[in-house]
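Okay, protein-v5.cif now, which holds mmCIF, C-alpha atoms:
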```cif
data_final
#
loop_
_atom_site.group_PDB
_atom_site.id
_atom_site.type_symbol
_atom_site.label_atom_id
_atom_site.label_comp_id
_atom_site.auth_asym_id
_atom_site.auth_seq_id
_atom_site.Cartn_x
_atom_site.Cartn_y
_atom_site.Cartn_z
ATOM 1 C CA GLN A 59 0.000 0.000 0.000
ATOM 2 C CA VAL A 60 1.459 3.336 -1.075
ATOM 3 C CA GLN A 61 1.622 5.924 1.669
ATOM 4 C CA LEU A 62 1.431 9.602 0.795
ATOM 5 C CA VAL A 63 2.716 12.361 3.042
ATOM 6 C CA GLU A 64 1.945 15.972 2.156
ATOM 7 C CA SER A 65 3.695 18.980 3.648
ATOM 8 C CA GLY A 66 4.459 22.637 3.053
ATOM 9 C CA GLY A 67 1.117 24.252 3.736
ATOM 10 C CA GLY A 68 0.601 27.271 5.930
ATOM 11 C CA LEU A 69 -0.947 30.688 6.320
ATOM 12 C CA VAL A 70 -0.087 33.230 3.658
ATOM 13 C CA GLN A 71 -1.431 36.593 2.546
ATOM 14 C CA ALA A 72 -3.151 36.998 -0.785
ATOM 15 C CA GLY A 73 -0.571 37.366 -3.518
ATOM 16 C CA GLY A 74 1.929 35.211 -1.687
ATOM 17 C CA SER A 75 3.488 31.896 -2.591
ATOM 18 C CA LEU A 76 3.905 28.412 -1.155
ATOM 19 C CA ARG A 77 5.489 25.184 -2.306
ATOM 20 C CA LEU A 78 3.844 21.940 -1.331
ATOM 21 C CA SER A 79 5.587 18.573 -1.278
ATOM 22 C CA CYS A 80 4.204 15.068 -1.376
ATOM 23 C CA THR A 81 6.427 12.068 -0.759
ATOM 24 C CA ALA A 82 5.239 8.576 -1.671
ATOM 25 C CA SER A 83 6.434 5.235 -0.424
ATOM 26 C CA GLY A 84 6.948 2.308 -2.769
ATOM 27 C CA SER A 85 8.962 1.569 -5.871
ATOM 28 C CA MET A 86 6.292 2.304 -8.484
ATOM 29 C CA PHE A 87 6.227 6.086 -8.041
ATOM 30 C CA SER A 88 8.153 6.840 -11.215
ATOM 31 C CA SER A 89 5.718 4.754 -13.267
ATOM 32 C CA ASN A 90 2.625 6.661 -12.259
ATOM 33 C CA TYR A 91 0.921 9.916 -12.998
ATOM 34 C CA MET A 92 0.504 12.051 -9.896
ATOM 35 C CA GLY A 93 -1.916 14.788 -9.116
ATOM 36 C CA TRP A 94 -2.629 17.466 -6.558
ATOM 37 C CA TYR A 95 -6.144 17.780 -5.232
ATOM 38 C CA ARG A 96 -7.761 20.219 -2.866
ATOM 39 C CA GLN A 97 -10.863 20.253 -0.725
ATOM 40 C CA ALA A 98 -12.315 23.426 0.670
ATOM 41 C CA PRO A 99 -14.833 23.377 3.541
ATOM 42 C CA GLY A 100 -18.233 22.258 2.322
ATOM 43 C CA LYS A 101 -16.957 21.471 -1.162
ATOM 44 C CA GLU A 102 -15.990 18.327 -3.008
ATOM 45 C CA ARG A 103 -12.387 17.385 -3.516
ATOM 46 C CA GLU A 104 -11.128 18.617 -6.887
ATOM 47 C CA LEU A 105 -8.104 17.830 -9.013
ATOM 48 C CA VAL A 106 -6.091 21.001 -9.619
ATOM 49 C CA ALA A 107 -2.955 19.694 -11.347
ATOM 50 C CA GLN A 108 -1.521 16.467 -12.680
ATOM 51 C CA ILE A 109 1.814 15.366 -14.097
ATOM 52 C CA SER A 110 2.843 12.377 -16.176
ATOM 53 C CA SER A 111 5.193 9.717 -14.860
ATOM 54 C CA LEU A 112 8.344 11.312 -16.276
ATOM 55 C CA GLY A 113 7.126 14.871 -15.942
ATOM 56 C CA GLY A 114 6.725 15.637 -19.619
ATOM 57 C CA ARG A 115 3.002 16.349 -19.494
ATOM 58 C CA THR A 116 1.112 18.557 -17.103
ATOM 59 C CA ASN A 117 -2.492 19.666 -16.879
ATOM 60 C CA TYR A 118 -4.159 22.257 -14.692
ATOM 61 C CA ALA A 119 -7.628 23.248 -13.635
ATOM 62 C CA ASP A 120 -8.661 26.560 -15.145
ATOM 63 C CA SER A 121 -8.849 28.097 -11.692
ATOM 64 C CA VAL A 122 -5.096 27.661 -11.107
ATOM 65 C CA LYS A 123 -3.675 27.791 -14.627
ATOM 66 C CA GLY A 124 -0.834 30.274 -14.879
ATOM 67 C CA ARG A 125 -0.402 30.468 -11.092
ATOM 68 C CA PHE A 126 0.394 26.889 -10.013
ATOM 69 C CA THR A 127 3.173 24.653 -11.301
ATOM 70 C CA ILE A 128 3.397 20.926 -10.676
ATOM 71 C CA SER A 129 6.728 19.134 -10.869
ATOM 72 C CA ARG A 130 8.287 15.917 -9.638
ATOM 73 C CA ASP A 131 11.587 14.378 -8.636
ATOM 74 C CA ASN A 132 11.439 10.635 -9.186
ATOM 75 C CA THR A 133 14.758 10.126 -7.420
ATOM 76 C CA LYS A 134 13.058 11.354 -4.263
ATOM 77 C CA ASN A 135 9.598 9.881 -4.875
ATOM 78 C CA THR A 136 8.281 13.408 -4.467
ATOM 79 C CA VAL A 137 5.836 15.605 -6.330
ATOM 80 C CA TYR A 138 5.678 19.364 -5.779
ATOM 81 C CA LEU A 139 3.130 22.103 -6.265
ATOM 82 C CA ARG A 140 4.437 25.619 -6.548
ATOM 83 C CA MET A 141 1.614 28.064 -5.889
ATOM 84 C CA ASN A 142 2.043 31.732 -6.774
ATOM 85 C CA SER A 143 -0.343 34.688 -6.661
ATOM 86 C CA LEU A 144 -2.438 32.905 -4.080
ATOM 87 C CA LYS A 145 -6.042 33.972 -3.599
ATOM 88 C CA PRO A 146 -8.398 33.491 -0.643
ATOM 89 C CA GLU A 147 -10.366 31.011 -2.749
ATOM 90 C CA ASP A 148 -7.282 28.766 -2.839
ATOM 91 C CA THR A 149 -7.822 28.068 0.851
ATOM 92 C CA ALA A 150 -8.241 24.317 1.242
ATOM 93 C CA VAL A 151 -6.619 21.117 2.394
ATOM 94 C CA TYR A 152 -4.309 19.912 -0.366
ATOM 95 C CA TYR A 153 -3.694 16.240 -1.116
ATOM 96 C CA CYS A 154 -1.751 14.240 -3.657
ATOM 97 C CA ASN A 155 -2.711 10.963 -5.301
ATOM 98 C CA ASN A 156 -2.548 9.038 -8.546
ATOM 99 C CA PRO A 157 -5.478 10.400 -10.588
ATOM 100 C CA PHE A 158 -5.772 7.197 -12.632
ATOM 101 C CA ALA A 159 -5.570 4.757 -9.725
ATOM 102 C CA LEU A 160 -6.617 6.461 -6.527
ATOM 103 C CA GLY A 161 -5.077 4.941 -3.463
ATOM 104 C CA SER A 162 -5.386 5.778 0.189
ATOM 105 C CA TRP A 163 -5.341 9.482 0.940
ATOM 106 C CA GLY A 164 -2.708 11.082 3.109
ATOM 107 C CA GLN A 165 -3.475 13.547 5.860
ATOM 108 C CA GLY A 166 -3.202 16.505 3.515
ATOM 109 C CA THR A 167 -1.678 19.893 4.196
ATOM 110 C CA GLN A 168 -3.724 22.981 5.057
ATOM 111 C CA VAL A 169 -3.315 26.099 2.945
ATOM 112 C CA THR A 170 -4.970 29.250 4.234
ATOM 113 C CA VAL A 171 -4.850 32.455 2.222
ATOM 114 C CA SER A 172 -5.880 35.625 3.997
ATOM 115 C CA SER A 173 -7.238 38.650 2.189
#
```
Rewrite the structure from the file as structure tokens, please.
Amino acid sequence: QVQLVESGGGLVQAGGSLRLSCTASGSMFSSNYMGWYRQAPGKERELVAQISSLGGRTNYADSVKGRFTISRDNTKNTVYLRMNSLKPEDTAVYYCNNPFALGSWGQGTQVTVSS
């Protein structure tokens, strides 16, 4: 069972930046797409960014396009989410997972953007 551990969240003012990290256990990390999801209070979890196994393809939700960048380091079994120009509506708990084969969710990392 792959374990996912997210980190890097925090409290930031609107317009600020954060970089999230997600480290996965297991030897299959480099073979899998990975994605970043978020869930705001009272809302469903949504996929905001995904990256192919070797990092050559990325896709973003319209709400974050141009502000967020997903990347990965397969030598470290880690996927990152660089978030710039943060807005209050980006406030959520952020999670990572394989969008094509969802496994167990990690604990997530809280991102709070103040106005």
**Report entry** Result set, the PyMOL selection byres ((chain A and resi 173) around 9) on current file, as a PyMOL selection string
**Finding:** chain A and resi 71-73+145-146+171-172
Query raised in the report: Excluding same-chain residues fewer than 3 positions from stretch 127-142 of chain A, what lies within 8 Å of it counting only C-alpha atoms, as JSON, numbers by chain?
Result: {"A": [73, 74, 75, 76, 77, 78, 79, 80, 81, 82, 83, 87, 88, 92, 94, 107, 108, 109, 112, 113, 116, 124]}
With C-alpha atoms retained, export the selected residues as an mmCIF file, in the coordinates of the input.
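So result.cif came out as:
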```
data_model
loop_
_atom_site.group_PDB
_atom_site.id
_atom_site.type_symbol
_atom_site.label_atom_id
_atom_site.label_comp_id
_atom_site.auth_asym_id
_atom_site.auth_seq_id
_atom_site.Cartn_x
_atom_site.Cartn_y
_atom_site.Cartn_z
ATOM 1 C CA GLY A 73 -0.571 37.366 -3.518
ATOM 2 C CA GLY A 74 1.929 35.211 -1.687
ATOM 3 C CA SER A 75 3.488 31.896 -2.591
ATOM 4 C CA LEU A 76 3.905 28.412 -1.155
ATOM 5 C CA ARG A 77 5.489 25.184 -2.306
ATOM 6 C CA LEU A 78 3.844 21.940 -1.331
ATOM 7 C CA SER A 79 5.587 18.573 -1.278
ATOM 8 C CA CYS A 80 4.204 15.068 -1.376
ATOM 9 C CA THR A 81 6.427 12.068 -0.759
ATOM 10 C CA ALA A 82 5.239 8.576 -1.671
ATOM 11 C CA SER A 83 6.434 5.235 -0.424
ATOM 12 C CA PHE A 87 6.227 6.086 -8.041
ATOM 13 C CA SER A 88 8.153 6.840 -11.215
ATOM 14 C CA MET A 92 0.504 12.051 -9.896
ATOM 15 C CA TRP A 94 -2.629 17.466 -6.558
ATOM 16 C CA ALA A 107 -2.955 19.694 -11.347
ATOM 17 C CA GLN A 108 -1.521 16.467 -12.680
ATOM 18 C CA ILE A 109 1.814 15.366 -14.097
ATOM 19 C CA LEU A 112 8.344 11.312 -16.276
ATOM 20 C CA GLY A 113 7.126 14.871 -15.942
ATOM 21 C CA THR A 116 1.112 18.557 -17.103
ATOM 22 C CA GLY A 124 -0.834 30.274 -14.879
#
```
Report summary line: Expressed in Å, the length from atom CA of A:Val60 to atom CA of A:Val169 is 23.6 Å
Report task. Within 10 Å of stretch 150-152 of chain A, counting only C-alpha atoms, which residues show up once you throw out same-chain ones fewer than 5 positions away? Write them as a ChimeraX atom specification, please. Result -> /A:64-67,78,80,94-99,101,103-106,139,164-171
**Report entry** Interatomic distance (Å, one decimal) between atom CA of A:Asp148 and atom CA of A:Asn90
**Finding:**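 Distance reported for this atom pair: 26.0 Å.
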Requested in this report: Find the residue from A:Gly68, A:Leu144, A:Ser121, A:Gly93 that sits nearest to A:Ala159; use only C-alpha atoms when measuring.
Outcome: A:Gly93
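In this comparison, which uses all atoms listed in the file, the residue of A:Tyr91, A:Ala119, A:Met86, A:Arg125 approaching A:Pro157 most closely is A:Tyr91.
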Edge lengths and centre in Å to one decimal, as AutoDock Vina command-line options, of the axis-aligned box that encloses all listed atoms of stretch 120-123 of chain A with 3 Å added on every side?
```
--center_x -6.3 --center_y 27.3 --center_z -13.1 --size_x 11.2 --size_y 7.5 --size_z 10.0
```
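Residues lying within 9 Å of A:Ser162, counting all atoms listed in the file and ignoring same-chain neighbours fewer than 5 positions away, are Gln59, Val60, Gln61, Leu62 and Asn155 of chain A.
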Query raised in the report: Distance atom CA of A:Gly100-atom CA of A:Lys123, one decimal place?
Result: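 So the two atoms, atom CA of A:Gly100 and atom CA of A:Lys123, lie 23.0 Å apart.
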